[in-house]
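Colleague: Just passing along the structure, written as structure tokens.
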Amino acid sequence: MATTKGCRTASGIALAIAVTVSAPSLAGQGAQSAPTGYKAPVVSDTGALPGPRQPIFFRHDIHAGQDQIPCMYCHSTVAVSSAPGIPALRTCIGCHQIIGGSTPAHQAEIAKVRKAWSDRQPPEWIRVYWVPEFVRFPHMRHIKVLGTGPESCANCHGQVNRMTQISQVPTLKMGWCIDCHVQRGVNRDCSVCHY
């Protein structure tokens with residue numbers, strides 16, 4: 001199946017580059033493992049969705065599931081930083097300067113992205129995942145061990161490529177983390193997470 005991929009920014013100027021690729025070629029780049037022809041569902045009532053309401057209704061099931069955009073295309077800092085990294089607005093506008101949406105609802109949300117870009121005012125996203133301040137969870141260490149594919153991210157974030165709106169999946173309580181470390185034979189010394 002041919003799909004359109006690859007939005008980029010260059011020298012601060014947003015460009016959208018259409019590249020036709022076959023889905024299997026994305027496998028090594030951390031593309032979401034969605035079945036061929038996956039179509040994200042139409043959502044008419046967002047009030048019943050789990051997770052916090054965001055300033056822009058961003059559909060991971062469309063971007064990561066239907067369009068199979070690799071997680072690290074938007075979350076590029078997770079492999080080099082302790083923080084997970086919210087995508088910069090220029091990443092969004094790199095595609096949505098040209099891509100306008102397929103439905104009136106999508107077009108309205110993309111209009112919010114374009115307005116934020118023109119106003120030079122990024123959205124104030126509501127954080128979904130929290131760990132207590134006495135816990136250190138360096139994303140780059142986990143990515144180094146688990147890898148960058150969607151199945152790696154799903155260990156902690158669930159099947160994001162099927163989530164209409166992001167919500168916290170695991171408890172992130174100490175027992176949950178310890179279980180993961182035990183299953184993988186990873187160090188369980190207190191100073192690994194508490195420093």
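In the structure tokens, chains take letters A, B, ... by order of appearance, with residues numbered from 1 within each chain and ligands from 1 in the order shown.
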Write out as an MDAnalysis selection string which residues come within 12 Å of Ser81 of chain A when counting only C-alpha atoms, dropping same-chain ones fewer than 2 positions away.
Modeller: chainID A and resid 75:79 83:86 137:144
Colleague: List the neighbours of segment 106-120 of chain A out to 7 Å using only C-alpha atoms; skip same-chain residues closer than 4 positions along the sequence, and give me the result as a PyMOL selection string.
Modeller: chain A and resi 56-57+89+93+96+100-102
Colleague: Now that the selection is made, can you save its residues with N, CA, C and O atoms as a PDB file, in the first residue's frame?
Modeller:
ATOM      1  N   ILE A  56      -5.671  21.247  21.405  1.00  0.00           N
ATOM      2  CA  ILE A  56      -5.905  20.796  20.030  1.00  0.00           C
ATOM      3  C   ILE A  56      -6.166  19.303  20.120  1.00  0.00           C
ATOM      4  O   ILE A  56      -5.425  18.565  20.760  1.00  0.00           O
ATOM      5  N   PHE A  57      -7.241  18.856  19.493  1.00  0.00           N
ATOM      6  CA  PHE A  57      -7.612  17.447  19.538  1.00  0.00           C
ATOM      7  C   PHE A  57      -6.710  16.682  18.576  1.00  0.00           C
ATOM      8  O   PHE A  57      -6.993  16.549  17.399  1.00  0.00           O
ATOM      9  N   LEU A  89       6.069  23.014  17.651  1.00  0.00           N
ATOM     10  CA  LEU A  89       4.992  23.428  16.751  1.00  0.00           C
ATOM     11  C   LEU A  89       5.449  23.390  15.300  1.00  0.00           C
ATOM     12  O   LEU A  89       4.672  23.093  14.401  1.00  0.00           O
ATOM     13  N   ILE A  93       3.445  22.128  11.905  1.00  0.00           N
ATOM     14  CA  ILE A  93       3.171  23.010  10.770  1.00  0.00           C
ATOM     15  C   ILE A  93       3.954  22.567   9.544  1.00  0.00           C
ATOM     16  O   ILE A  93       3.551  22.863   8.409  1.00  0.00           O
ATOM     17  N   HIS A  96       1.214  20.417   8.259  1.00  0.00           N
ATOM     18  CA  HIS A  96      -0.120  21.023   8.187  1.00  0.00           C
ATOM     19  C   HIS A  96      -0.157  22.417   7.575  1.00  0.00           C
ATOM     20  O   HIS A  96      -1.217  23.023   7.499  1.00  0.00           O
ATOM     21  N   GLY A 100      -4.561  19.846   4.950  1.00  0.00           N
ATOM     22  CA  GLY A 100      -5.633  20.596   5.598  1.00  0.00           C
ATOM     23  C   GLY A 100      -6.664  19.774   6.333  1.00  0.00           C
ATOM     24  O   GLY A 100      -7.505  20.330   7.018  1.00  0.00           O
ATOM     25  N   GLY A 101      -6.640  18.468   6.230  1.00  0.00           N
ATOM     26  CA  GLY A 101      -7.621  17.638   6.922  1.00  0.00           C
ATOM     27  C   GLY A 101      -8.691  17.137   5.980  1.00  0.00           C
ATOM     28  O   GLY A 101      -9.024  17.783   4.994  1.00  0.00           O
ATOM     29  N   SER A 102      -9.255  15.989   6.318  1.00  0.00           N
ATOM     30  CA  SER A 102     -10.223  15.336   5.436  1.00  0.00           C
ATOM     31  C   SER A 102     -11.676  15.565   5.835  1.00  0.00           C
ATOM     32  O   SER A 102     -12.573  15.245   5.074  1.00  0.00           O
TER      33      SER A 102
END
Colleague: Fewer than 4 positions away in the same chain doesn't count, so skip those; otherwise give me all residues within 6 Å of segment 167-183 of chain A, counting only C-alpha atoms, as a ChimeraX atom specification.
Modeller: /A:50-51,157-158
Colleague: With N, CA and C atoms kept, could you save the residues just selected as an mmCIF file, in the first residue's frame?
Modeller:
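The resulting file, selection16.cif, is shown below:
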data_model
loop_
_atom_site.group_PDB
_atom_site.id
_atom_site.type_symbol
_atom_site.label_atom_id
_atom_site.label_comp_id
_atom_site.auth_asym_id
_atom_site.auth_seq_id
_atom_site.Cartn_x
_atom_site.Cartn_y
_atom_site.Cartn_z
ATOM 1 N N PRO A 50 -11.330 8.769 27.227
ATOM 2 C CA PRO A 50 -10.477 8.872 28.407
ATOM 3 C C PRO A 50 -9.343 9.864 28.151
ATOM 4 N N GLY A 51 -8.757 10.367 29.217
ATOM 5 C CA GLY A 51 -7.622 11.273 29.091
ATOM 6 C C GLY A 51 -8.049 12.730 29.133
ATOM 7 N N HIS A 157 3.229 3.080 27.251
ATOM 8 C CA HIS A 157 2.182 3.994 26.780
ATOM 9 C C HIS A 157 0.966 3.301 26.177
ATOM 10 N N GLY A 158 0.979 1.989 26.109
ATOM 11 C CA GLY A 158 -0.142 1.273 25.517
ATOM 12 C C GLY A 158 -0.146 1.400 24.000
#
Colleague: Considering only C-alpha atoms, state which residue in the set A:His63, A:Arg188, A:Arg162, A:His194 is at the smallest distance from Val135 of chain A.
Modeller: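 Result for the nearest residue to Val135 of chain A: A:His194.
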Colleague: May I ask which of the residues A:Val80, A:Ile166, A:Cys190, A:Val43 is the closest one to Thr103 of chain A, counting only C-alpha atoms?
Modeller: A:Val43
Colleague: Can you pull out every residue from segment 21-174 of chain A that DSSP, working from the backbone, puts in helix (DSSP H, G or I), and format the result as JSON, numbers by chain?
Modeller: {"A": [23, 24, 25, 26, 27, 28, 29, 60, 61, 62, 63, 64, 65, 66, 71, 72, 73, 74, 89, 90, 91, 92, 93, 94, 95, 96, 104, 105, 106, 107, 108, 109, 110, 111, 112, 113, 114, 115, 116, 117, 118, 119, 139, 140, 141, 142, 143, 144, 145, 146, 150, 151, 152, 153, 154, 155, 156, 157, 160, 161, 162, 174]}
Colleague: Please measure the separation of atom CA of Arg59 of chain A and atom CA of Tyr38 of chain A, giving the value in Å to one decimal.
Modeller: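 Between these atoms lies a distance of 14.0 Å.
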Colleague: Could you tell me how far atom CA of Met72 of chain A sits from atom CA of Pro104 of chain A, in Å to one decimal place?
Modeller: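 Taking atom CA of Pro104 of chain A as the start and atom CA of Met72 of chain A as the end point, the length is 28.1 Å.
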Colleague: As an exercise, work out the distance from atom CA of Leu146 of chain A to atom CA of Cys193 of chain A in Å and give it to one decimal place.
Modeller: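 Computing the Euclidean distance for atom CA of Leu146 of chain A and atom CA of Cys193 of chain A yields 16.9 Å.
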Colleague: Apply DSSP to the backbone of this structure and, from segment 7-175 of chain A, keep only the residues in strand (DSSP E or B); write these as a ChimeraX atom specification.
Modeller: /A:7-10,13-22
Colleague: Could you write those residues out with N, CA, C and O atoms, as a CSV table (one decimal), in the first residue's frame?
Modeller:
chain,number,residue,atom,x,y,z
A,7,CYS,N,7.1,14.9,6.4
A,7,CYS,CA,7.0,16.3,6.5
A,7,CYS,C,8.3,16.8,7.1
A,7,CYS,O,8.8,16.2,8.1
A,8,ARG,N,8.9,17.9,6.7
A,8,ARG,CA,10.2,18.3,7.2
A,8,ARG,C,10.2,19.8,7.3
A,8,ARG,O,9.5,20.5,6.6
A,9,THR,N,11.1,20.4,8.1
A,9,THR,CA,11.4,21.8,8.1
A,9,THR,C,12.8,22.0,7.8
A,9,THR,O,13.7,21.3,8.1
A,10,ALA,N,13.1,23.1,7.1
A,10,ALA,CA,14.5,23.4,6.7
A,10,ALA,C,14.7,24.9,6.9
A,10,ALA,O,14.0,25.7,6.4
A,13,ILE,N,12.0,27.4,7.7
A,13,ILE,CA,10.8,27.5,6.7
A,13,ILE,C,10.2,26.1,6.6
A,13,ILE,O,10.9,25.1,6.4
A,14,ALA,N,8.9,26.1,6.8
A,14,ALA,CA,8.2,24.8,6.8
A,14,ALA,C,8.0,24.4,5.4
A,14,ALA,O,7.5,25.1,4.5
A,15,LEU,N,8.3,23.1,5.1
A,15,LEU,CA,8.1,22.5,3.8
A,15,LEU,C,7.4,21.2,4.0
A,15,LEU,O,7.7,20.5,4.9
A,16,ALA,N,6.5,20.8,3.1
A,16,ALA,CA,6.0,19.5,3.1
A,16,ALA,C,6.5,18.7,1.9
A,16,ALA,O,6.4,19.2,0.8
A,17,ILE,N,7.1,17.6,2.1
A,17,ILE,CA,7.6,16.8,1.1
A,17,ILE,C,6.9,15.5,1.0
A,17,ILE,O,6.8,14.7,2.0
A,18,ALA,N,6.3,15.2,-0.1
A,18,ALA,CA,5.5,14.0,-0.3
A,18,ALA,C,6.4,12.9,-0.8
A,18,ALA,O,7.1,13.1,-1.8
A,19,VAL,N,6.5,11.8,-0.1
A,19,VAL,CA,7.3,10.7,-0.6
A,19,VAL,C,6.4,9.5,-0.6
A,19,VAL,O,5.8,9.2,0.4
A,20,THR,N,6.5,8.7,-1.6
A,20,THR,CA,5.7,7.5,-1.7
A,20,THR,C,6.6,6.4,-1.3
A,20,THR,O,7.6,6.2,-1.8
A,21,VAL,N,6.1,5.7,-0.2
A,21,VAL,CA,6.9,4.5,0.3
A,21,VAL,C,5.9,3.4,0.5
A,21,VAL,O,4.7,3.6,0.7
A,22,SER,N,6.4,2.2,0.6
A,22,SER,CA,5.5,1.1,1.0
A,22,SER,C,5.7,0.9,2.5
A,22,SER,O,6.7,1.1,3.0
